[in-house]
file target-v3.cif (mmCIF, C-alpha atoms, pLDDT in the B column; chains and numbers go by the auth columns)
data_coords
loop_
_atom_site.group_PDB
_atom_site.id
_atom_site.type_symbol
_atom_site.label_atom_id
_atom_site.label_comp_id
_atom_site.label_asym_id
_atom_site.label_seq_id
_atom_site.Cartn_x
_atom_site.Cartn_y
_atom_site.Cartn_z
_atom_site.B_iso_or_equiv
_atom_site.auth_seq_id
_atom_site.auth_asym_id
ATOM 1 C CA MET A 1 5.266 22.361 49.036 48.00 1 A
ATOM 2 C CA ASN A 2 8.635 21.963 47.312 49.00 2 A
ATOM 3 C CA LYS A 3 8.308 18.177 47.486 50.00 3 A
ATOM 4 C CA LEU A 4 4.832 18.351 45.914 45.00 4 A
ATOM 5 C CA LEU A 5 6.105 20.619 43.126 45.00 5 A
ATOM 6 C CA PHE A 6 9.033 18.273 42.467 47.00 6 A
ATOM 7 C CA PHE A 7 6.655 15.291 42.321 45.00 7 A
ATOM 8 C CA ILE A 8 4.384 17.064 39.796 43.00 8 A
ATOM 9 C CA ILE A 9 7.366 18.017 37.601 44.00 9 A
ATOM 10 C CA LEU A 10 8.596 14.414 37.732 43.00 10 A
ATOM 11 C CA ILE A 11 5.203 13.082 36.582 42.00 11 A
ATOM 12 C CA ILE A 12 4.979 15.619 33.735 40.00 12 A
ATOM 13 C CA THR A 13 8.503 14.772 32.583 41.00 13 A
ATOM 14 C CA ALA A 14 7.745 11.041 32.578 41.00 14 A
ATOM 15 C CA ASN A 15 4.583 11.632 30.555 42.00 15 A
ATOM 16 C CA VAL A 16 6.463 13.767 28.030 37.00 16 A
ATOM 17 C CA VAL A 17 9.115 11.073 27.577 37.00 17 A
ATOM 18 C CA GLU A 18 6.446 8.390 27.162 38.00 18 A
ATOM 19 C CA ALA A 19 4.579 10.537 24.624 35.00 19 A
ATOM 20 C CA GLN A 20 7.783 11.059 22.661 37.00 20 A
ATOM 21 C CA ASP A 21 8.403 7.306 22.547 36.00 21 A
ATOM 22 C CA SER A 22 4.876 6.712 21.199 39.00 22 A
ATOM 23 C CA LEU A 23 5.395 9.503 18.691 38.00 23 A
ATOM 24 C CA MET A 24 8.556 7.829 17.425 38.00 24 A
ATOM 25 C CA ILE A 25 6.631 4.593 16.840 44.00 25 A
ATOM 26 C CA SER A 26 3.966 6.380 14.777 44.00 26 A
ATOM 27 C CA LYS A 27 6.549 8.342 12.802 50.00 27 A
ATOM 28 C CA LYS A 28 8.830 5.606 11.586 58.00 28 A
ATOM 29 C CA LYS A 29 10.470 6.140 8.273 76.00 29 A
ATOM 30 C CA ILE A 30 9.535 4.110 5.207 81.00 30 A
ATOM 31 C CA LYS A 31 8.120 0.809 6.463 85.00 31 A
ATOM 32 C CA GLY A 32 9.305 -1.342 3.561 91.00 32 A
ATOM 33 C CA PHE A 33 8.723 -2.107 -0.093 94.00 33 A
ATOM 34 C CA SER A 34 6.550 -4.442 -2.125 97.00 34 A
ATOM 35 C CA VAL A 35 6.858 -6.243 -5.455 97.00 35 A
ATOM 36 C CA SER A 36 3.769 -7.782 -6.987 97.00 36 A
ATOM 37 C CA TYR A 37 2.202 -9.222 -10.082 97.00 37 A
ATOM 38 C CA PHE A 38 -0.327 -6.646 -11.306 97.00 38 A
ATOM 39 C CA GLY A 39 -3.037 -7.980 -13.565 95.00 39 A
ATOM 40 C CA GLN A 40 -5.468 -5.632 -15.265 94.00 40 A
ATOM 41 C CA GLY A 41 -8.672 -7.392 -16.233 87.00 41 A
ATOM 42 C CA TYR A 42 -7.239 -10.599 -14.671 79.00 42 A
ATOM 43 C CA SER A 43 -5.469 -11.390 -17.964 86.00 43 A
ATOM 44 C CA HIS A 44 -3.413 -8.332 -18.946 94.00 44 A
ATOM 45 C CA TYR A 45 -0.213 -9.020 -17.049 95.00 45 A
ATOM 46 C CA GLY A 46 1.998 -6.438 -15.400 97.00 46 A
ATOM 47 C CA LEU A 47 4.233 -5.471 -12.488 97.00 47 A
ATOM 48 C CA LYS A 48 3.857 -3.105 -9.537 98.00 48 A
ATOM 49 C CA ILE A 49 6.527 -1.831 -7.135 97.00 49 A
ATOM 50 C CA GLY A 50 5.612 0.181 -4.067 97.00 50 A
ATOM 51 C CA THR A 51 6.581 1.464 -0.664 96.00 51 A
ATOM 52 C CA GLU A 52 4.739 2.292 2.570 95.00 52 A
ATOM 53 C CA TYR A 53 4.885 5.058 5.164 93.00 53 A
ATOM 54 C CA PRO A 54 2.976 4.547 8.456 93.00 54 A
ATOM 55 C CA LEU A 55 0.774 7.397 9.700 92.00 55 A
ATOM 56 C CA TRP A 56 -0.790 5.796 12.776 91.00 56 A
ATOM 57 C CA ILE A 57 -0.061 2.576 14.631 88.00 57 A
ATOM 58 C CA LYS A 58 -1.943 0.903 17.463 87.00 58 A
ATOM 59 C CA GLU A 59 -0.640 -2.204 19.185 81.00 59 A
ATOM 60 C CA LYS A 60 -2.874 -4.267 21.467 77.00 60 A
ATOM 61 C CA ILE A 61 -1.718 -7.124 23.682 72.00 61 A
ATOM 62 C CA LYS A 62 -4.276 -9.444 25.238 71.00 62 A
ATOM 63 C CA THR A 63 -3.265 -12.006 27.853 67.00 63 A
ATOM 64 C CA LYS A 64 -5.307 -15.206 28.075 65.00 64 A
ATOM 65 C CA LYS A 65 -5.929 -17.293 31.185 63.00 65 A
ATOM 66 C CA ASN A 66 -2.992 -19.542 30.284 62.00 66 A
ATOM 67 C CA LEU A 67 -0.798 -16.388 30.237 60.00 67 A
ATOM 68 C CA LYS A 68 -0.380 -16.615 26.462 65.00 68 A
ATOM 69 C CA GLU A 69 -0.141 -13.182 24.864 65.00 69 A
ATOM 70 C CA ILE A 70 -2.144 -12.321 21.733 66.00 70 A
ATOM 71 C CA HIS A 71 -0.793 -9.411 19.710 71.00 71 A
ATOM 72 C CA LYS A 72 -2.999 -7.335 17.403 79.00 72 A
ATOM 73 C CA ASN A 73 -1.927 -4.490 15.167 86.00 73 A
ATOM 74 C CA LYS A 74 -3.895 -1.683 13.504 90.00 74 A
ATOM 75 C CA LEU A 75 -2.168 0.549 10.974 93.00 75 A
ATOM 76 C CA VAL A 76 -3.107 3.563 8.849 95.00 76 A
ATOM 77 C CA PHE A 77 -0.561 4.168 6.098 95.00 77 A
ATOM 78 C CA VAL A 78 0.120 5.767 2.737 96.00 78 A
ATOM 79 C CA THR A 79 1.768 4.139 -0.259 96.00 79 A
ATOM 80 C CA GLY A 80 3.730 5.278 -3.277 96.00 80 A
ATOM 81 C CA ASN A 81 3.676 2.997 -6.330 97.00 81 A
ATOM 82 C CA VAL A 82 4.820 2.687 -9.914 98.00 82 A
ATOM 83 C CA GLY A 83 3.717 -0.031 -12.277 97.00 83 A
ATOM 84 C CA CYS A 84 2.718 -1.141 -15.730 97.00 84 A
ATOM 85 C CA TYR A 85 0.534 -3.671 -17.544 96.00 85 A
ATOM 86 C CA ILE A 86 0.365 -4.978 -21.087 95.00 86 A
ATOM 87 C CA HIS A 87 -2.803 -5.451 -23.091 91.00 87 A
ATOM 88 C CA ARG A 88 -1.441 -7.412 -26.069 89.00 88 A
ATOM 89 C CA ARG A 89 -2.057 -5.892 -29.503 84.00 89 A
ATOM 90 C CA ASN A 90 -3.700 -2.916 -27.833 85.00 90 A
ATOM 91 C CA THR A 91 -1.980 -0.776 -25.209 89.00 91 A
ATOM 92 C CA VAL A 92 0.770 -0.645 -22.620 93.00 92 A
ATOM 93 C CA GLY A 93 -0.305 1.145 -19.450 95.00 93 A
ATOM 94 C CA VAL A 94 2.272 2.878 -17.248 96.00 94 A
ATOM 95 C CA PHE A 95 1.123 4.429 -13.973 98.00 95 A
ATOM 96 C CA MET A 96 2.169 5.995 -10.714 97.00 96 A
ATOM 97 C CA ASN A 97 -0.171 6.466 -7.782 97.00 97 A
ATOM 98 C CA SER A 98 -0.513 6.916 -4.045 97.00 98 A
ATOM 99 C CA GLU A 99 -2.964 5.220 -1.699 97.00 99 A
ATOM 100 C CA ILE A 100 -4.185 5.638 1.835 97.00 100 A
ATOM 101 C CA GLY A 101 -4.901 2.349 3.563 97.00 101 A
ATOM 102 C CA TYR A 102 -6.067 0.684 6.745 97.00 102 A
ATOM 103 C CA ARG A 103 -4.640 -2.679 7.801 96.00 103 A
ATOM 104 C CA LYS A 104 -5.460 -4.950 10.728 94.00 104 A
ATOM 105 C CA THR A 105 -3.213 -7.853 11.676 91.00 105 A
ATOM 106 C CA ARG A 106 -4.606 -10.586 13.890 85.00 106 A
ATOM 107 C CA GLY A 107 -2.727 -12.423 16.622 76.00 107 A
ATOM 108 C CA LYS A 108 -1.689 -15.315 14.384 84.00 108 A
ATOM 109 C CA GLY A 109 -0.298 -13.078 11.652 89.00 109 A
ATOM 110 C CA PHE A 110 -3.298 -13.029 9.309 94.00 110 A
ATOM 111 C CA MET A 111 -4.119 -9.573 8.008 94.00 111 A
ATOM 112 C CA TYR A 112 -6.659 -7.728 5.904 95.00 112 A
ATOM 113 C CA GLU A 113 -6.646 -4.214 4.474 97.00 113 A
ATOM 114 C CA PHE A 114 -8.560 -1.619 2.473 97.00 114 A
ATOM 115 C CA LEU A 115 -6.951 0.977 0.181 98.00 115 A
ATOM 116 C CA LEU A 116 -8.179 4.051 -1.701 97.00 116 A
ATOM 117 C CA GLY A 117 -5.849 5.649 -4.258 97.00 117 A
ATOM 118 C CA VAL A 118 -5.417 8.254 -6.930 97.00 118 A
ATOM 119 C CA GLY A 119 -2.756 8.552 -9.609 97.00 119 A
ATOM 120 C CA TYR A 120 -1.677 9.150 -13.177 97.00 120 A
ATOM 121 C CA LEU A 121 -2.022 6.607 -15.995 97.00 121 A
ATOM 122 C CA HIS A 122 -0.549 6.872 -19.478 94.00 122 A
ATOM 123 C CA SER A 123 -1.658 4.351 -22.098 92.00 123 A
ATOM 124 C CA PHE A 124 0.671 3.841 -25.054 88.00 124 A
ATOM 125 C CA LEU A 125 -0.808 2.381 -28.232 86.00 125 A
ATOM 126 C CA GLN A 126 0.956 -0.686 -29.593 82.00 126 A
ATOM 127 C CA GLY A 127 1.885 -0.788 -33.267 72.00 127 A
ATOM 128 C CA ASP A 128 2.507 1.993 -35.742 70.00 128 A
ATOM 129 C CA THR A 129 0.246 5.024 -35.384 72.00 129 A
ATOM 130 C CA TYR A 130 -0.315 7.706 -38.018 67.00 130 A
ATOM 131 C CA GLU A 131 -1.980 11.103 -38.010 70.00 131 A
ATOM 132 C CA VAL A 132 -3.581 12.898 -40.953 75.00 132 A
ATOM 133 C CA LYS A 133 -2.732 16.599 -41.052 75.00 133 A
ATOM 134 C CA ASP A 134 -5.058 19.388 -42.178 71.00 134 A
ATOM 135 C CA ASP A 135 -3.255 19.593 -45.524 73.00 135 A
ATOM 136 C CA GLY A 136 -3.927 15.893 -46.150 67.00 136 A
ATOM 137 C CA SER A 137 -0.409 14.680 -45.405 68.00 137 A
ATOM 138 C CA VAL A 138 0.164 11.644 -43.184 71.00 138 A
ATOM 139 C CA LYS A 139 2.667 11.694 -40.355 73.00 139 A
ATOM 140 C CA GLN A 140 3.748 8.870 -38.080 66.00 140 A
ATOM 141 C CA VAL A 141 3.187 9.524 -34.357 72.00 141 A
ATOM 142 C CA PHE A 142 5.737 8.021 -31.993 72.00 142 A
ATOM 143 C CA LEU A 143 4.654 6.876 -28.520 71.00 143 A
ATOM 144 C CA ALA A 144 1.039 7.709 -29.274 71.00 144 A
ATOM 145 C CA GLY A 145 -1.351 7.359 -26.369 79.00 145 A
ATOM 146 C CA ARG A 146 -3.455 9.183 -23.819 87.00 146 A
ATOM 147 C CA SER A 147 -3.116 10.564 -20.302 92.00 147 A
ATOM 148 C CA SER A 148 -5.737 9.699 -17.714 94.00 148 A
ATOM 149 C CA LEU A 149 -6.675 10.104 -14.079 96.00 149 A
ATOM 150 C CA MET A 150 -6.540 6.798 -12.204 96.00 150 A
ATOM 151 C CA ALA A 151 -8.771 6.416 -9.121 97.00 151 A
ATOM 152 C CA SER A 152 -8.489 3.016 -7.434 97.00 152 A
ATOM 153 C CA LEU A 153 -10.130 0.963 -4.709 97.00 153 A
ATOM 154 C CA SER A 154 -8.909 -2.407 -3.445 97.00 154 A
ATOM 155 C CA CYS A 155 -9.119 -4.794 -0.518 97.00 155 A
ATOM 156 C CA GLY A 156 -6.505 -7.292 0.488 96.00 156 A
ATOM 157 C CA MET A 157 -5.679 -10.267 2.633 97.00 157 A
ATOM 158 C CA GLY A 158 -2.407 -11.878 3.539 97.00 158 A
ATOM 159 C CA TYR A 159 -0.067 -13.268 6.140 96.00 159 A
ATOM 160 C CA ASP A 160 2.730 -11.563 8.088 93.00 160 A
ATOM 161 C CA PHE A 161 5.555 -14.026 8.778 92.00 161 A
ATOM 162 C CA ASP A 162 7.053 -11.743 11.432 85.00 162 A
ATOM 163 C CA TYR A 163 4.492 -12.718 14.060 79.00 163 A
ATOM 164 C CA TYR A 164 5.457 -16.384 14.499 78.00 164 A
ATOM 165 C CA TYR A 165 8.503 -16.912 12.327 84.00 165 A
ATOM 166 C CA HIS A 166 10.357 -13.620 12.886 83.00 166 A
ATOM 167 C CA LYS A 167 10.814 -13.084 9.155 88.00 167 A
ATOM 168 C CA HIS A 168 10.575 -9.583 7.703 90.00 168 A
ATOM 169 C CA ILE A 169 8.222 -10.569 4.894 94.00 169 A
ATOM 170 C CA SER A 170 4.493 -10.852 4.288 95.00 170 A
ATOM 171 C CA LEU A 171 2.438 -12.226 1.402 97.00 171 A
ATOM 172 C CA PHE A 172 -0.709 -10.528 0.102 97.00 172 A
ATOM 173 C CA LEU A 173 -3.518 -10.890 -2.423 97.00 173 A
ATOM 174 C CA LYS A 174 -5.449 -7.763 -3.455 97.00 174 A
ATOM 175 C CA PRO A 175 -8.422 -7.736 -5.822 96.00 175 A
ATOM 176 C CA GLY A 176 -9.790 -4.339 -6.799 97.00 176 A
ATOM 177 C CA PHE A 177 -10.574 -1.956 -9.638 96.00 177 A
ATOM 178 C CA PHE A 178 -9.682 1.483 -10.937 96.00 178 A
ATOM 179 C CA VAL A 179 -11.555 4.129 -12.901 96.00 179 A
ATOM 180 C CA GLN A 180 -9.772 5.594 -15.919 94.00 180 A
ATOM 181 C CA TYR A 181 -10.892 9.106 -16.846 93.00 181 A
ATOM 182 C CA PRO A 182 -11.204 10.322 -19.507 89.00 182 A
ATOM 183 C CA PHE A 183 -11.661 7.306 -21.771 86.00 183 A
ATOM 184 C CA ASN A 184 -13.222 7.942 -25.192 81.00 184 A
ATOM 185 C CA THR A 185 -16.147 10.251 -24.326 80.00 185 A
ATOM 186 C CA ALA A 186 -16.641 9.099 -20.737 86.00 186 A
ATOM 187 C CA PHE A 187 -14.670 6.784 -18.430 91.00 187 A
ATOM 188 C CA ALA A 188 -13.744 3.113 -18.063 91.00 188 A
ATOM 189 C CA ALA A 189 -13.828 0.904 -14.950 93.00 189 A
ATOM 190 C CA ARG A 190 -11.154 -1.791 -14.965 94.00 190 A
ATOM 191 C CA THR A 191 -10.727 -4.721 -12.581 96.00 191 A
ATOM 192 C CA THR A 192 -7.320 -5.554 -11.103 96.00 192 A
ATOM 193 C CA ILE A 193 -5.630 -8.320 -9.155 96.00 193 A
ATOM 194 C CA GLU A 194 -2.351 -8.186 -7.222 97.00 194 A
ATOM 195 C CA LEU A 195 -0.292 -11.024 -5.797 97.00 195 A
ATOM 196 C CA GLY A 196 2.950 -10.089 -4.155 97.00 196 A
ATOM 197 C CA ILE A 197 5.426 -9.924 -1.318 97.00 197 A
ATOM 198 C CA PHE A 198 6.207 -7.115 1.118 96.00 198 A
ATOM 199 C CA TYR A 199 9.577 -6.745 2.836 94.00 199 A
ATOM 200 C CA ASN A 200 9.410 -4.934 6.183 90.00 200 A
ATOM 201 C CA PHE A 201 12.444 -2.897 7.239 85.00 201 A
ATOM 202 C CA HIS A 202 11.239 -2.847 10.858 71.00 202 A
ATOM 203 C CA ARG A 203 10.240 -5.638 13.185 60.00 203 A
ATOM 204 C CA CYS A 204 6.695 -5.704 14.557 52.00 204 A
ATOM 205 C CA VAL A 205 6.269 -3.743 17.780 46.00 205 A
ATOM 206 C CA LYS A 206 5.601 -6.304 20.526 46.00 206 A
#
call {"tool": "encode", "arguments": {"input": "target-v3.cif", "output": "structure tokens"}}
result
Amino acid sequence: MNKLLFFIILIITANVVEAQDSLMISKKKIKGFSVSYFGQGYSHYGLKIGTEYPLWIKEKIKTKKNLKEIHKNKLVFVTGNVGCYIHRRNTVGVFMNSEIGYRKTRGKGFMYEFLLGVGYLHSFLQGDTYEVKDDGSVKQVFLAGRSSLMASLSCGMGYDFDYYYHKHISLFLKPGFFVQYPFNTAFAARTTIELGIFYNFHRCVK
């Protein structure tokens, strides 16, 4: 009886340790950071800087008949970003947002992803802006603009150089759009394009 009890305790302890190891993988600290060209409307140029935090990771290893291992990675993550874009002779948009995303990386390092985000956008008018007061006087307004809600949706594709080349970087291309609300009396839908590089602080789990 004592031997059976000891064996059960040993199994439970091993399972707890294994669960803790898996938990550490899914709770890594900030995964890395990205720098990208951010184009609004495909012609209004800008810049976006972001970071990632993994929420859930699943690694799958498949062994072929020739004993070659194929690694696949699924990841659910959140991002934090700041950025800006310039619409010449019109506005300068400055934003900060957060996204939740799903990414799948194939065995050869090719990846695709989908992201849904929400954030804050402030559009500053370019040029001198003036306001007419109730008494008829005119006053110049500095940093005139508007605050808006920014809801975004994007999909991406890219390549992770860590899989074959053991480099901590990946390249990505992300077309998408965001909804700016309020805008005038309603809202505005604006297309976006991102082209950038991501630096990974951690090696791929293999």
call {"tool": "residues_around", "arguments": {"input": "target-v3.cif", "residues": "A:Gln180", "least_positions_apart": "6", "cutoff": "12 Å", "atoms": "only C-alpha atoms", "output": "VMD selection string"}}
result
chain A and resid 93 95 118 to 123 146 to 152 186 to 191
call {"tool": "closest_residue", "arguments": {"input": "target-v3.cif", "among": "A:Tyr45, A:Ile57, A:Arg106, A:Gly176", "to": "A:Val92", "atoms": "all atoms listed in the file"}}
result
A:Tyr45
call {"tool": "closest_residue", "arguments": {"input": "target-v3.cif", "among": "A:Phe38, A:Tyr112, A:Phe124, A:Tyr102", "to": "A:Val82", "atoms": "only C-alpha atoms"}}
result
A:Phe38
call {"tool": "atom_distance", "arguments": {"input": "target-v3.cif", "atom1": "atom CA of A:Gln40", "atom2": "atom CA of A:Phe172"}}
result
16.8 Å
call {"tool": "residues_around", "arguments": {"input": "target-v3.cif", "residues": "A:Ser154", "least_positions_apart": "6", "cutoff": "12 Å", "atoms": "all atoms listed in the file", "output": "NGL selection string"}}
result
:A and (99-102 or 112-118 or 173-179 or 190-194)
call {"tool": "atom_distance", "arguments": {"input": "target-v3.cif", "atom1": "atom CA of A:Phe33", "atom2": "atom CA of A:Lys108"}}
result
22.2 Å
call {"tool": "resolve_selection", "arguments": {"input": "target-v3.cif", "expression": "the PyMOL selection byres ((chain A and resi 72-77) around 10)", "output": "ChimeraX atom specification"}}
result
/A:26,31,52-62,69-71,78-79,99-111,113-115,163,204-206
call {"tool": "axis_aligned_box", "arguments": {"input": "target-v3.cif", "around": "stretch 165-182 of chain A", "padding_each_side": "8 Å", "output": "JSON"}}
result
{"center_x": -0.4, "center_y": -3.3, "center_z": -3.3, "size_x": 38.4, "size_y": 43.2, "size_z": 48.4}
call {"tool": "closest_residue", "arguments": {"input": "target-v3.cif", "among": "A:Thr185, A:Asn90, A:Ile197, A:Gly156", "to": "A:Thr129", "atoms": "all atoms listed in the file"}}
result
A:Asn90
call {"tool": "atom_distance", "arguments": {"input": "target-v3.cif", "atom1": "atom CA of A:Phe161", "atom2": "atom CA of A:Phe201"}}
result
13.2 Å
call {"tool": "resolve_selection", "arguments": {"input": "target-v3.cif", "expression": "the PyMOL selection byres ((chain A and resi 167) around 12)", "output": "number ranges by chain"}}
result
A: 109, 159-166, 168-171, 198-204
call {"tool": "closest_residue", "arguments": {"input": "target-v3.cif", "among": "A:Val94, A:Arg88, A:Ser36, A:Tyr181", "to": "A:Gln126", "atoms": "only C-alpha atoms"}}
result
A:Arg88
call {"tool": "resolve_selection", "arguments": {"input": "target-v3.cif", "expression": "the PyMOL selection byres ((chain A and resi 142-144) around 6)", "output": "list in words"}}
result
Phe124, Leu125, Val141 and Gly145 of chain A
